[in-house]
$ cat data-v7.txt   # compact mmCIF, C-alpha atoms
# COMPACT_ATOMS: atom_id res chain seq x y z
CA MET A 1206 -28.97 5.89 5.05
CA ASP A 1207 -26.90 8.37 7.05
CA PHE A 1208 -23.16 8.88 6.61
CA ILE A 1209 -22.09 6.89 9.69
CA GLU A 1210 -24.14 3.87 8.67
CA ALA A 1211 -22.65 4.07 5.18
CA CYS A 1212 -19.18 4.05 6.74
CA ARG A 1213 -20.05 0.95 8.75
CA GLN A 1214 -21.39 -0.90 5.72
CA LEU A 1215 -18.40 0.00 3.56
CA ILE A 1216 -15.92 -1.28 6.16
CA ALA A 1217 -17.97 -4.47 6.58
CA ILE A 1218 -17.35 -5.54 2.96
CA ASP A 1219 -14.08 -7.44 2.46
CA SER A 1220 -11.99 -5.84 -0.31
CA THR A 1221 -8.63 -7.40 0.54
CA PRO A 1222 -6.39 -8.52 -2.36
CA SER A 1223 -7.59 -12.14 -2.21
CA ASN A 1224 -11.27 -11.13 -2.21
CA GLY A 1225 -11.18 -8.29 -4.74
CA THR A 1226 -13.49 -5.28 -5.03
CA LYS A 1227 -16.43 -6.75 -6.99
CA GLU A 1228 -18.75 -7.08 -3.99
CA LEU A 1229 -17.75 -3.67 -2.65
CA SER A 1230 -18.17 -2.01 -6.05
CA LYS A 1231 -21.78 -3.21 -6.27
CA TRP A 1232 -22.56 -1.51 -2.97
CA VAL A 1233 -20.71 1.67 -3.96
CA ALA A 1234 -22.33 1.84 -7.40
CA ALA A 1235 -25.83 1.37 -5.96
CA PHE A 1236 -25.19 4.01 -3.30
CA ALA A 1237 -23.96 6.53 -5.91
CA ARG A 1238 -26.96 5.83 -8.16
CA GLN A 1239 -29.30 6.47 -5.24
CA LYS A 1240 -27.81 9.95 -5.11
CA GLY A 1241 -28.64 10.47 -8.77
CA PHE A 1242 -25.19 10.04 -10.32
CA HIS A 1243 -24.28 8.24 -13.51
CA VAL A 1244 -22.12 5.19 -12.70
CA GLU A 1245 -19.93 2.98 -14.87
CA GLU A 1246 -18.40 -0.24 -13.52
CA GLN A 1247 -15.17 -1.30 -15.21
CA GLU A 1248 -14.74 -4.99 -14.44
CA GLU A 1249 -11.40 -6.74 -14.88
CA ILE A 1250 -10.11 -10.21 -14.02
CA VAL A 1251 -6.68 -10.00 -12.38
CA GLY A 1252 -5.27 -13.45 -11.80
CA ASP A 1253 -8.37 -15.35 -10.75
CA VAL A 1254 -9.92 -12.45 -8.81
CA SER A 1255 -12.71 -10.23 -10.10
CA GLN A 1256 -11.84 -6.55 -9.67
CA VAL A 1257 -13.88 -3.45 -10.48
CA ASN A 1258 -13.23 0.27 -10.92
CA VAL A 1259 -16.28 2.41 -10.10
CA ILE A 1260 -16.59 5.61 -12.16
CA VAL A 1261 -19.11 8.21 -10.92
CA ARG A 1262 -20.11 11.33 -12.89
CA PRO A 1263 -22.78 14.03 -12.58
CA VAL A 1264 -23.16 13.92 -16.38
CA SER A 1265 -24.18 11.00 -18.61
CA GLU A 1266 -21.45 11.39 -21.24
CA ARG A 1267 -17.73 11.57 -20.64
CA PRO A 1268 -16.53 15.18 -21.06
CA GLU A 1269 -13.52 16.14 -23.15
CA VAL A 1270 -11.72 17.20 -19.99
CA GLU A 1271 -12.53 16.68 -16.30
CA PHE A 1272 -11.30 16.95 -12.71
CA LEU A 1273 -10.45 13.56 -11.19
CA LEU A 1274 -11.30 12.70 -7.59
CA GLN A 1275 -9.75 9.28 -6.95
CA THR A 1276 -9.69 6.86 -4.03
CA HIS A 1277 -8.73 3.19 -3.98
CA LEU A 1278 -11.34 0.83 -2.58
CA ASP A 1279 -9.10 -2.15 -1.77
CA THR A 1280 -7.33 -2.70 1.53
CA VAL A 1281 -4.37 -4.72 2.75
CA ASP A 1282 -4.88 -8.09 4.38
CA PRO A 1283 -5.84 -7.50 8.04
CA GLY A 1284 -3.37 -10.00 9.48
CA PRO A 1285 -4.24 -11.91 12.66
CA TYR A 1286 -7.80 -11.03 13.73
CA PRO A 1287 -7.10 -11.21 17.52
CA LEU A 1288 -4.81 -8.15 17.18
CA TRP A 1289 -7.84 -5.99 16.24
CA THR A 1290 -8.65 -5.30 19.87
CA GLU A 1291 -10.74 -2.16 19.22
CA THR A 1292 -13.15 -4.03 16.93
CA ASP A 1293 -13.65 -7.17 19.04
CA ALA A 1294 -11.17 -9.15 16.92
CA ASN A 1295 -13.08 -8.44 13.68
CA PRO A 1296 -11.41 -5.90 11.35
CA PHE A 1297 -14.62 -5.67 9.28
CA ASP A 1298 -16.85 -4.71 12.23
CA ALA A 1299 -16.52 -0.91 12.54
CA HIS A 1300 -16.54 0.43 16.10
CA ILE A 1301 -16.85 4.07 17.14
CA ILE A 1302 -14.83 4.90 20.24
CA ASP A 1303 -14.25 8.45 21.56
CA GLY A 1304 -15.26 10.06 18.28
CA LYS A 1305 -13.09 7.75 16.15
CA ILE A 1306 -14.19 4.99 13.81
CA TYR A 1307 -12.01 1.86 13.87
CA GLY A 1308 -11.81 -0.85 11.20
CA LEU A 1309 -9.90 -2.03 8.15
CA GLY A 1310 -10.00 0.72 5.49
CA ALA A 1311 -11.24 3.44 7.85
CA ALA A 1312 -8.19 5.61 7.11
CA ASP A 1313 -6.68 3.78 4.11
CA VAL A 1314 -8.92 4.82 2.40
CA LYS A 1315 -12.45 3.50 1.93
CA LEU A 1316 -14.15 6.24 3.91
CA ASP A 1317 -12.38 8.92 1.87
CA PHE A 1318 -14.43 7.74 -1.12
CA LEU A 1319 -17.64 8.42 0.82
CA CYS A 1320 -16.36 11.89 1.74
CA LYS A 1321 -15.82 12.70 -1.94
CA LEU A 1322 -19.21 11.30 -2.91
CA GLU A 1323 -20.97 13.36 -0.22
CA ALA A 1324 -19.11 16.46 -1.42
CA MET A 1325 -20.23 15.92 -5.01
CA ALA A 1326 -23.81 15.44 -3.84
CA ALA A 1327 -23.63 18.65 -1.79
CA VAL A 1328 -22.48 20.66 -4.82
CA GLY A 1329 -25.29 19.18 -6.90
CA LYS A 1330 -25.58 17.48 -10.28
CA ASP A 1331 -27.31 20.05 -12.48
CA ARG A 1332 -24.60 22.69 -12.76
CA ALA A 1333 -22.96 24.55 -15.59
CA TRP A 1334 -19.71 22.60 -15.31
CA ARG A 1335 -16.50 24.33 -16.30
CA LEU A 1336 -14.41 21.24 -15.54
CA PRO A 1337 -16.82 18.42 -14.61
CA PRO A 1338 -15.75 16.23 -11.69
CA VAL A 1339 -15.35 12.46 -12.00
CA LEU A 1340 -15.08 10.30 -8.90
CA VAL A 1341 -13.27 6.99 -9.34
CA GLY A 1342 -12.91 4.17 -6.83
CA THR A 1343 -10.06 2.00 -8.08
CA PHE A 1344 -8.90 -1.49 -7.24
CA GLY A 1345 -5.45 -2.93 -6.64
CA GLU A 1346 -3.60 0.00 -5.03
CA GLU A 1347 -2.15 -2.37 -2.45
CA SER A 1348 -0.94 -4.76 -5.14
CA GLY A 1349 0.57 -2.72 -7.96
CA MET A 1350 -2.16 -0.14 -8.70
CA GLN A 1351 -3.66 -2.25 -11.48
CA GLY A 1352 -6.95 -0.37 -11.26
CA ALA A 1353 -5.36 2.97 -12.09
CA LEU A 1354 -3.37 1.38 -14.92
CA LYS A 1355 -6.50 -0.24 -16.40
CA LEU A 1356 -8.35 3.08 -16.12
CA ILE A 1357 -5.70 4.82 -18.21
CA ARG A 1358 -5.01 2.02 -20.69
CA LYS A 1359 -8.70 1.69 -21.55
CA ASN A 1360 -9.15 5.46 -21.79
CA LYS A 1361 -11.92 5.70 -19.19
CA ILE A 1362 -11.16 9.26 -18.04
CA SER A 1363 -9.96 12.53 -19.54
CA ALA A 1364 -8.53 14.26 -16.47
CA ARG A 1365 -6.48 17.43 -16.44
CA MET A 1366 -5.98 17.55 -12.66
CA ALA A 1367 -6.41 14.95 -9.94
CA LEU A 1368 -6.96 14.85 -6.18
CA ILE A 1369 -5.79 11.46 -4.92
CA GLY A 1370 -7.13 9.99 -1.68
CA GLU A 1371 -4.40 9.25 0.86
CA PRO A 1372 -4.41 9.41 4.68
CA SER A 1373 -2.50 12.67 5.19
CA ASP A 1374 -3.97 13.98 8.47
CA LEU A 1375 -5.64 16.75 6.40
CA HIS A 1376 -2.35 18.00 4.93
CA LEU A 1377 -1.84 18.48 1.18
CA ILE A 1378 0.78 16.19 -0.38
CA ASN A 1379 2.55 17.44 -3.50
CA ALA A 1380 5.30 14.81 -3.80
CA ALA A 1381 5.73 11.13 -2.96
CA LYS A 1382 8.37 8.45 -3.18
CA GLY A 1383 8.40 5.77 -5.83
CA PHE A 1384 8.86 2.12 -5.06
CA ALA A 1385 10.16 -1.19 -6.35
CA SER A 1386 8.45 -4.44 -5.40
CA VAL A 1387 11.09 -7.16 -5.25
CA GLU A 1388 10.79 -10.95 -5.04
CA ILE A 1389 13.58 -13.44 -4.35
CA ARG A 1390 13.20 -17.21 -4.58
CA VAL A 1391 15.92 -19.33 -2.99
CA PRO A 1392 15.63 -23.03 -3.93
CA PHE A 1393 16.46 -25.92 -1.65
CA SER A 1394 19.29 -28.11 -2.93
CA GLU A 1395 18.50 -31.69 -3.92
CA GLN A 1396 20.30 -32.80 -0.75
CA GLU A 1397 18.09 -30.53 1.36
CA LYS A 1398 14.94 -31.71 -0.39
CA GLY A 1399 15.83 -35.32 0.35
CA TYR A 1400 16.56 -34.58 3.98
CA ARG A 1401 13.32 -32.61 4.41
CA GLU A 1402 11.28 -35.44 2.88
CA GLU A 1403 12.95 -38.00 5.13
CA HIS A 1404 12.49 -35.76 8.16
CA ASN A 1405 8.74 -35.44 7.53
CA LEU A 1406 8.37 -39.24 7.69
CA ARG A 1407 10.09 -39.62 11.06
CA GLU A 1408 8.12 -40.25 14.22
CA SER A 1409 10.52 -38.11 16.28
CA THR A 1410 12.23 -34.85 15.41
CA SER A 1411 15.34 -32.99 16.45
CA THR A 1412 14.27 -29.59 15.17
CA GLN A 1413 14.20 -26.35 17.15
CA SER A 1414 11.64 -23.60 16.66
CA LYS A 1415 11.61 -19.93 17.57
CA LEU A 1416 9.02 -17.17 17.27
CA PHE A 1417 10.00 -13.56 16.63
CA ARG A 1418 7.82 -10.58 17.52
CA GLY A 1419 7.91 -7.09 16.05
CA LYS A 1420 5.67 -4.08 15.50
CA ALA A 1421 3.62 -3.59 12.33
CA ALA A 1422 3.91 -0.38 10.29
CA HIS A 1423 3.61 0.73 6.69
CA SER A 1424 6.68 -0.23 4.67
CA SER A 1425 7.21 3.42 3.69
CA THR A 1426 7.93 4.27 7.34
CA PRO A 1427 9.88 1.25 8.59
CA HIS A 1428 11.42 3.30 11.39
CA LEU A 1429 7.99 3.38 13.04
CA GLY A 1430 7.81 -0.40 13.14
CA GLU A 1431 9.98 -3.25 14.28
CA SER A 1432 10.64 -6.02 11.76
CA ALA A 1433 10.20 -9.54 13.07
CA ILE A 1434 11.73 -10.87 9.83
CA SER A 1435 14.89 -8.81 10.37
CA LYS A 1436 15.13 -10.29 13.85
CA MET A 1437 14.77 -13.75 12.34
CA PHE A 1438 17.50 -13.12 9.76
CA GLU A 1439 19.82 -11.64 12.38
CA SER A 1440 19.29 -14.81 14.43
CA LEU A 1441 20.13 -16.87 11.35
CA LEU A 1442 23.44 -15.02 11.00
CA MET A 1443 24.42 -16.19 14.49
CA LEU A 1444 23.87 -19.87 13.68
CA PRO A 1445 26.45 -22.29 12.20
CA ASP A 1446 26.61 -22.36 8.40
CA SER A 1447 25.59 -26.02 8.42
CA VAL A 1448 22.17 -25.44 10.00
CA ASN A 1449 19.27 -26.82 7.98
CA VAL A 1450 16.19 -24.60 7.60
CA MET A 1451 12.99 -26.65 7.85
CA GLU A 1452 10.50 -23.81 7.92
CA MET A 1453 10.79 -20.03 7.64
CA ASP A 1454 7.70 -17.85 7.70
CA GLY A 1455 6.94 -14.19 8.40
CA GLY A 1456 4.81 -11.17 7.55
CA ILE A 1457 1.55 -10.75 5.64
CA ASN A 1458 2.72 -8.89 2.51
CA GLY A 1459 5.74 -7.10 1.12
CA ASN A 1460 4.21 -3.70 1.84
CA THR A 1461 4.00 -3.99 5.64
CA VAL A 1462 6.67 -4.13 8.33
CA PRO A 1463 6.16 -7.68 9.67
CA SER A 1464 5.08 -8.12 13.27
CA ASN A 1465 5.52 -11.90 13.37
CA ALA A 1466 8.04 -14.46 12.09
CA PHE A 1467 8.76 -18.14 12.70
CA LEU A 1468 11.92 -20.19 12.21
CA GLU A 1469 12.31 -23.97 12.49
CA ILE A 1470 15.82 -25.40 12.11
CA ASP A 1471 17.68 -28.66 12.41
CA MET A 1472 21.31 -28.60 13.51
CA VAL A 1473 22.17 -31.42 11.07
CA THR A 1474 25.60 -31.21 9.45
CA GLY A 1475 26.85 -32.34 6.06
CA ILE A 1476 24.63 -30.17 3.86
CA GLU A 1477 26.59 -28.56 1.03
CA LYS A 1478 25.72 -24.92 0.27
CA PRO A 1479 22.84 -24.89 2.77
CA ILE A 1480 19.95 -22.52 2.09
CA SER A 1481 20.54 -20.86 5.46
CA LYS A 1482 23.96 -19.60 4.33
CA ARG A 1483 22.69 -18.46 0.92
CA ILE A 1484 19.83 -16.49 2.50
CA ALA A 1485 22.26 -14.99 5.00
CA ASN A 1486 24.51 -13.79 2.14
CA ILE A 1487 21.57 -12.07 0.44
CA TYR A 1488 20.44 -10.49 3.70
CA LYS A 1489 23.96 -9.13 4.34
CA LEU A 1490 23.82 -7.17 1.08
CA THR A 1491 20.49 -5.60 2.06
CA LYS A 1492 22.19 -4.30 5.21
CA VAL A 1493 25.02 -2.83 3.11
CA LEU A 1494 22.50 -1.14 0.80
CA GLU A 1495 20.63 0.35 3.74
CA GLN A 1496 23.84 2.03 4.85
CA GLU A 1497 24.40 3.40 1.33
CA PHE A 1498 20.85 4.76 1.26
CA LEU A 1499 21.79 7.16 4.05
CA LYS A 1500 24.06 9.03 1.60
CA TYR A 1501 21.05 10.07 -0.52
CA SER A 1502 18.96 12.32 1.67
CA ASP A 1503 16.02 14.40 0.48
CA PRO A 1504 15.16 16.68 3.43
CA GLU A 1505 11.58 17.19 2.18
CA PHE A 1506 10.76 13.58 3.09
CA ILE A 1507 10.44 11.68 6.36
CA PRO A 1508 12.30 9.36 6.34
CA SER A 1509 14.63 11.42 4.19
CA SER A 1510 16.53 8.52 2.60
CA PRO A 1511 15.50 5.53 0.49
CA THR A 1512 14.23 2.64 2.60
CA LEU A 1513 14.01 -1.12 2.26
CA ASN A 1514 11.52 -3.47 3.90
CA ILE A 1515 11.48 -7.27 3.78
CA GLY A 1516 7.80 -7.84 4.44
CA LEU A 1517 7.09 -11.47 3.55
CA VAL A 1518 8.86 -14.83 3.86
CA ARG A 1519 7.23 -18.14 2.93
CA THR A 1520 8.56 -21.70 2.74
CA ASN A 1521 7.29 -23.69 -0.23
CA GLU A 1522 7.97 -27.31 -1.10
CA SER A 1523 11.04 -26.52 -3.19
CA GLU A 1524 12.10 -23.01 -2.19
CA ILE A 1525 11.89 -20.08 0.20
CA GLN A 1526 10.20 -16.96 -1.14
CA ILE A 1527 11.25 -13.51 0.11
CA SER A 1528 9.30 -10.38 -0.86
CA GLY A 1529 9.85 -6.73 -0.05
CA THR A 1530 9.78 -3.14 -1.23
CA CYS A 1531 12.27 -0.34 -1.75
CA ARG A 1532 11.06 3.29 -1.43
CA ILE A 1533 12.77 5.86 -3.63
CA PRO A 1534 12.60 9.67 -3.25
CA PRO A 1535 12.63 11.91 -6.36
CA ASN A 1536 16.31 12.81 -5.91
CA ILE A 1537 17.39 9.27 -6.84
CA SER A 1538 18.30 8.96 -10.50
CA GLN A 1539 17.24 6.01 -12.62
CA GLU A 1540 20.90 5.04 -12.95
CA ILE A 1541 21.41 4.81 -9.18
CA TYR A 1542 18.19 2.87 -8.69
CA GLU A 1543 19.12 0.37 -11.40
CA SER A 1544 22.59 -0.11 -9.90
CA TRP A 1545 21.03 -1.10 -6.57
CA MET A 1546 18.72 -3.58 -8.25
CA GLU A 1547 21.60 -5.02 -10.26
CA ARG A 1548 23.65 -5.62 -7.11
CA LEU A 1549 20.74 -7.49 -5.57
CA ARG A 1550 20.39 -9.50 -8.76
CA GLN A 1551 24.08 -10.43 -8.75
CA VAL A 1552 24.16 -11.58 -5.14
CA CYS A 1553 21.12 -13.76 -5.87
CA ILE A 1554 22.82 -15.30 -8.90
CA GLU A 1555 25.93 -16.00 -6.79
CA ASN A 1556 23.72 -17.84 -4.28
CA ASP A 1557 21.69 -19.82 -6.83
CA ALA A 1558 18.60 -17.72 -6.23
CA GLU A 1559 16.11 -16.07 -8.59
CA PHE A 1560 15.61 -12.29 -8.41
CA ARG A 1561 13.00 -10.14 -10.07
CA VAL A 1562 11.37 -6.74 -9.77
CA ASN A 1563 7.63 -7.38 -9.94
CA ASP A 1564 6.64 -3.74 -10.04
CA TYR A 1565 8.25 -0.32 -10.24
CA LYS A 1566 6.63 3.09 -9.85
CA LYS A 1567 8.51 6.33 -10.24
CA PRO A 1568 8.26 9.08 -7.61
CA PHE A 1569 6.13 12.13 -8.39
CA ARG A 1570 6.29 15.82 -7.60
CA THR A 1571 3.87 18.65 -8.49
CA GLU A 1572 5.41 22.08 -8.15
CA VAL A 1573 4.17 24.32 -5.35
CA GLN A 1574 3.50 27.12 -7.84
CA SER A 1575 1.06 25.05 -9.89
CA ILE A 1576 -2.56 26.21 -10.10
CA LEU A 1577 -3.73 22.99 -8.46
CA VAL A 1578 -1.44 23.18 -5.43
CA LYS A 1579 -2.01 26.91 -4.88
CA GLY A 1580 -5.79 26.53 -5.16
CA CYS A 1581 -5.89 23.64 -2.69
CA LEU A 1582 -3.70 25.51 -0.21
CA ASP A 1583 -5.97 28.56 -0.47
CA GLU A 1584 -9.00 26.46 0.49
CA LEU A 1585 -7.17 24.77 3.35
CA ARG A 1586 -6.11 28.17 4.65
CA ALA A 1587 -9.69 29.41 4.51
CA MET A 1588 -10.74 26.40 6.60
CA GLY A 1589 -8.05 26.99 9.19
CA LEU A 1590 -6.22 23.80 8.18
CA PRO A 1591 -2.46 23.41 7.47
CA ASP A 1592 -1.61 25.37 4.34
CA ARG A 1593 1.92 24.14 3.62
CA PRO A 1594 2.38 21.12 1.34
CA ILE A 1595 4.11 18.03 2.66
CA THR A 1596 5.66 14.96 1.05
CA GLN A 1597 4.74 11.31 1.47
CA PRO A 1598 7.21 8.44 1.95
CA SER A 1599 4.89 5.91 0.29
CA THR A 1600 3.62 5.58 -3.27
CA ASN A 1601 0.09 5.87 -4.64
CA GLU A 1602 -1.82 6.36 -7.89
CA ALA A 1603 -0.38 9.85 -8.34
CA SER A 1604 2.71 8.06 -9.66
CA ILE A 1605 0.55 6.55 -12.43
CA PHE A 1606 -1.57 9.59 -13.30
CA SER A 1607 1.32 12.08 -13.26
CA ARG A 1608 3.13 10.01 -15.90
CA VAL A 1609 0.37 10.80 -18.42
CA GLY A 1610 0.49 14.54 -17.78
CA ILE A 1611 -2.14 14.90 -15.05
CA ASP A 1612 -1.28 17.36 -12.28
CA CYS A 1613 -1.73 15.48 -9.00
CA VAL A 1614 -1.95 16.21 -5.30
CA CYS A 1615 -2.93 13.87 -2.47
CA PHE A 1616 -5.12 14.50 0.55
CA GLY A 1617 -7.22 12.64 3.05
CA PRO A 1618 -8.49 12.31 6.61
CA GLY A 1619 -6.69 10.03 9.04
CA LYS A 1620 -3.13 9.70 10.24
CA ARG A 1621 -0.67 7.48 8.39
CA GLU A 1622 2.14 6.93 10.88
CA GLY A 1623 1.38 4.27 13.43
CA ASN A 1624 -2.15 3.89 12.07
CA VAL A 1625 -2.54 2.48 8.57
CA HIS A 1626 -1.49 -1.13 8.03
CA THR A 1627 -1.91 -1.74 11.76
CA PRO A 1628 -4.72 -3.41 13.77
CA GLN A 1629 -5.47 -0.03 15.37
CA GLU A 1630 -6.45 1.66 12.09
CA HIS A 1631 -8.93 4.48 12.69
CA VAL A 1632 -10.03 7.95 11.64
CA SER A 1633 -11.80 10.66 13.60
CA LEU A 1634 -15.36 11.54 12.63
CA GLU A 1635 -14.45 15.23 12.87
CA ASP A 1636 -11.72 14.78 10.26
CA LEU A 1637 -14.16 13.03 7.93
CA GLU A 1638 -16.44 16.07 8.13
CA LYS A 1639 -13.54 18.42 7.40
CA ALA A 1640 -12.55 16.31 4.41
CA LYS A 1641 -16.09 16.50 3.02
CA GLU A 1642 -16.02 20.29 3.33
CA PHE A 1643 -12.60 20.54 1.66
CA TYR A 1644 -13.68 18.39 -1.29
CA LYS A 1645 -16.83 20.46 -1.70
CA ARG A 1646 -14.74 23.64 -1.82
CA ILE A 1647 -12.35 22.12 -4.37
CA ILE A 1648 -15.21 21.06 -6.64
CA GLU A 1649 -16.73 24.53 -6.44
CA ARG A 1650 -13.36 26.18 -7.09
CA PHE A 1651 -12.15 24.10 -10.05
CA CYS A 1652 -15.24 22.51 -11.55
CA VAL A 1653 -18.14 25.02 -11.44
$ encode --input "data-v7.txt" --output "structure tokens"
Amino acid sequence: MDFIEACRQLIAIDSTPSNGTKELSKWVAAFARQKGFHVEEQEEIVGDVSQVNVIVRPVSERPEVEFLLQTHLDTVDPGPYPLWTETDANPFDAHIIDGKIYGLGAADVKLDFLCKLEAMAAVGKDRAWRLPPVLVGTFGEESGMQGALKLIRKNKISARMALIGEPSDLHLINAAKGFASVEIRVPFSEQEKGYREEHNLRESTSTQSKLFRGKAAHSSTPHLGESAISKMFESLLMLPDSVNVMEMDGGINGNTVPSNAFLEIDMVTGIEKPISKRIANIYKLTKVLEQEFLKYSDPEFIPSSPTLNIGLVRTNESEIQISGTCRIPPNISQEIYESWMERLRQVCIENDAEFRVNDYKKPFRTEVQSILVKGCLDELRAMGLPDRPITQPSTNEASIFSRVGIDCVCFGPGKREGNVHTPQEHVSLEDLEKAKEFYKRIIERFCV
């Protein structure tokens, strides 16, 4: 099987959060074994979904110390299929157009795993390893990085340095923002529940509905998108306090700027402490926090300040669920971060809502003078590629691995801005070839 066909087959396998990586891991493990590598599959059940880390080595036994090449194998949910215009409305059907391969996971980051595997195969298996490489395809990056956490907690690797797969447009990343995943649940009052139940039994209705359109983007770069949920909340602020929310829906996950939102309301009066007003009060504080974020600029990042994205709204039988993420550069102290979360918690308590932080990952930074960064920049320079490190506004497994003393950098083919987490996700075939060559050079430099 040639490289392009392997790319097509990898994209064709659904590894979204609801489907898990078990099916994909079987394909990956078999493909790596065909190339003569030793493969271990670390299976875990997360919720009710079967997930698998794939661990690939050129040696049969785990070394005392090794060089980690890591890429996550899961993807985000694709959202509405009709928006995938370059793949005939099927995000899992890879299309090659003008030297670019389109499909879910093309840039973020399934194909990066294949690039690393091809590089390891090109170097060969029977070498006198100084620092043996280990290639790991992890699960759950898009939902809390559980795969990386399970890898560390169960002591599956012994890495000293790590090269993390991230779409970086072939630039080296030496620092990235941390993030907090936040969930708010705003319950309907008993009065609202009774009205909603009565309303559902009526033959006629007096409700009004409105659709809101935006532009999808990764939550780490919200300025490149246009939030349909923000438009919906701004519209809610303009309505009378007595309006009754019947349905509120938007986004696909907390990690993506939402491109679609829907609001159904009833102009009924007489509801005490309506959910519309309580949600509006919470939303107002998020706008205040966004203004405060501008005071904490780290010029090494774009965007330079902390950011906040409300990515998901769902109406359940008894409540409205709101989920989002906050991105935090390394210059933000733990004390400042906790004060922001506490203010959100307090405004939720004041409006009879439940607030919790589902996940928190600290930012990471590897110094430019480190052996890892300098060595990677030397190889990029030799290839005629950009040889100055950049930062990343999003968070990845480097946040996990760096906490246990592993020096980390990130790299990968494919653009991030305006590309990943959008229906136009793609990567150029030329960049995939350059990534393979870079990984081969890194293995030869640090491992042989």
$ residues_near_point --input "data-v7.txt" --point "(-7.8, 26.0, 0.6)" --cutoff "12 Å" --atoms "only C-alpha atoms" --output "PyMOL selection string"
chain A and resi 1375-1377+1576-1594+1616+1639-1640+1642-1651
$ residues_around --input "data-v7.txt" --residues "Met1451 of chain A" --least-positions-apart "2" --cutoff "7 Å" --atoms "all atoms listed in the file" --output "PDB file with C-alpha atoms, in the frame of the given file"
ATOM      1  CA  ARG A1401      13.320 -32.610   4.410  1.00  0.00           C
ATOM      2  CA  ASN A1449      19.270 -26.820   7.980  1.00  0.00           C
ATOM      3  CA  MET A1453      10.790 -20.030   7.640  1.00  0.00           C
ATOM      4  CA  GLU A1469      12.310 -23.970  12.490  1.00  0.00           C
ATOM      5  CA  ILE A1470      15.820 -25.400  12.110  1.00  0.00           C
ATOM      6  CA  ASP A1471      17.680 -28.660  12.410  1.00  0.00           C
TER       7      ASP A1471
END
$ residues_near_point --input "data-v7.txt" --point "(-18.1, 15.0, 14.3)" --cutoff "12 Å" --atoms "all atoms listed in the file" --output "list in words"
Phe1208, Ile1209, Ile1301, Asp1303, Gly1304, Lys1305, Ile1306, Val1632, Ser1633, Leu1634, Glu1635, Asp1636, Leu1637, Glu1638, Lys1639, Ala1640 and Lys1641 of chain A
$ write_last_selection --input "data-v7.txt" --atoms "C-alpha atoms" --output "PDB file, in the frame of the given file"
ATOM      1  CA  PHE A1208     -23.160   8.880   6.610  1.00  0.00           C
ATOM      2  CA  ILE A1209     -22.090   6.890   9.690  1.00  0.00           C
ATOM      3  CA  ILE A1301     -16.850   4.070  17.140  1.00  0.00           C
ATOM      4  CA  ASP A1303     -14.250   8.450  21.560  1.00  0.00           C
ATOM      5  CA  GLY A1304     -15.260  10.060  18.280  1.00  0.00           C
ATOM      6  CA  LYS A1305     -13.090   7.750  16.150  1.00  0.00           C
ATOM      7  CA  ILE A1306     -14.190   4.990  13.810  1.00  0.00           C
ATOM      8  CA  VAL A1632     -10.030   7.950  11.640  1.00  0.00           C
ATOM      9  CA  SER A1633     -11.800  10.660  13.600  1.00  0.00           C
ATOM     10  CA  LEU A1634     -15.360  11.540  12.630  1.00  0.00           C
ATOM     11  CA  GLU A1635     -14.450  15.230  12.870  1.00  0.00           C
ATOM     12  CA  ASP A1636     -11.720  14.780  10.260  1.00  0.00           C
ATOM     13  CA  LEU A1637     -14.160  13.030   7.930  1.00  0.00           C
ATOM     14  CA  GLU A1638     -16.440  16.070   8.130  1.00  0.00           C
ATOM     15  CA  LYS A1639     -13.540  18.420   7.400  1.00  0.00           C
ATOM     16  CA  ALA A1640     -12.550  16.310   4.410  1.00  0.00           C
ATOM     17  CA  LYS A1641     -16.090  16.500   3.020  1.00  0.00           C
TER      18      LYS A1641
END
$ closest_residue --input "data-v7.txt" --among "A:Val1254, A:Val1259, A:Ile1595, A:Ile1218" --to "Leu1322 of chain A" --atoms "only C-alpha atoms"
A:Val1259
$ residues_around --input "data-v7.txt" --residues "segment 1503-1516 of chain A" --least-positions-apart "3" --cutoff "9 Å" --atoms "only C-alpha atoms" --output "ChimeraX atom specification"
/A:1380-1382,1424-1428,1432,1434-1435,1455-1463,1491,1494-1495,1498-1500,1527-1537,1595-1598
$ atom_distance --input "data-v7.txt" --atom1 "atom CA of Glu1346 of chain A" --atom2 "atom CA of His1243 of chain A"
23.8 Å
$ decode --input "data-v7.txt" --residues "segment 1239-1257 of chain A" --atoms "C-alpha atoms" --output "PDB file, in the first residue's frame"
ATOM      1  CA  GLN A1239       3.519  -4.971   8.329  1.00  0.00           C
ATOM      2  CA  LYS A1240       6.529  -2.677   8.448  1.00  0.00           C
ATOM      3  CA  GLY A1241       8.199  -4.938  10.987  1.00  0.00           C
ATOM      4  CA  PHE A1242       7.667  -2.918  14.156  1.00  0.00           C
ATOM      5  CA  HIS A1243       6.722  -4.172  17.594  1.00  0.00           C
ATOM      6  CA  VAL A1244       3.262  -2.859  18.536  1.00  0.00           C
ATOM      7  CA  GLU A1245       1.431  -2.679  21.861  1.00  0.00           C
ATOM      8  CA  GLU A1246      -2.242  -1.686  22.060  1.00  0.00           C
ATOM      9  CA  GLN A1247      -3.286  -0.092  25.339  1.00  0.00           C
ATOM     10  CA  GLU A1248      -7.062  -0.414  25.512  1.00  0.00           C
ATOM     11  CA  GLU A1249      -9.132   1.660  27.922  1.00  0.00           C
ATOM     12  CA  ILE A1250     -12.866   2.155  28.432  1.00  0.00           C
ATOM     13  CA  VAL A1251     -13.686   5.853  28.842  1.00  0.00           C
ATOM     14  CA  GLY A1252     -17.338   6.315  29.654  1.00  0.00           C
ATOM     15  CA  ASP A1253     -18.930   3.687  27.453  1.00  0.00           C
ATOM     16  CA  VAL A1254     -16.495   4.134  24.548  1.00  0.00           C
ATOM     17  CA  SER A1255     -13.579   1.828  23.803  1.00  0.00           C
ATOM     18  CA  GLN A1256     -10.361   3.801  23.308  1.00  0.00           C
ATOM     19  CA  VAL A1257      -6.867   2.603  22.407  1.00  0.00           C
TER      20      VAL A1257
END
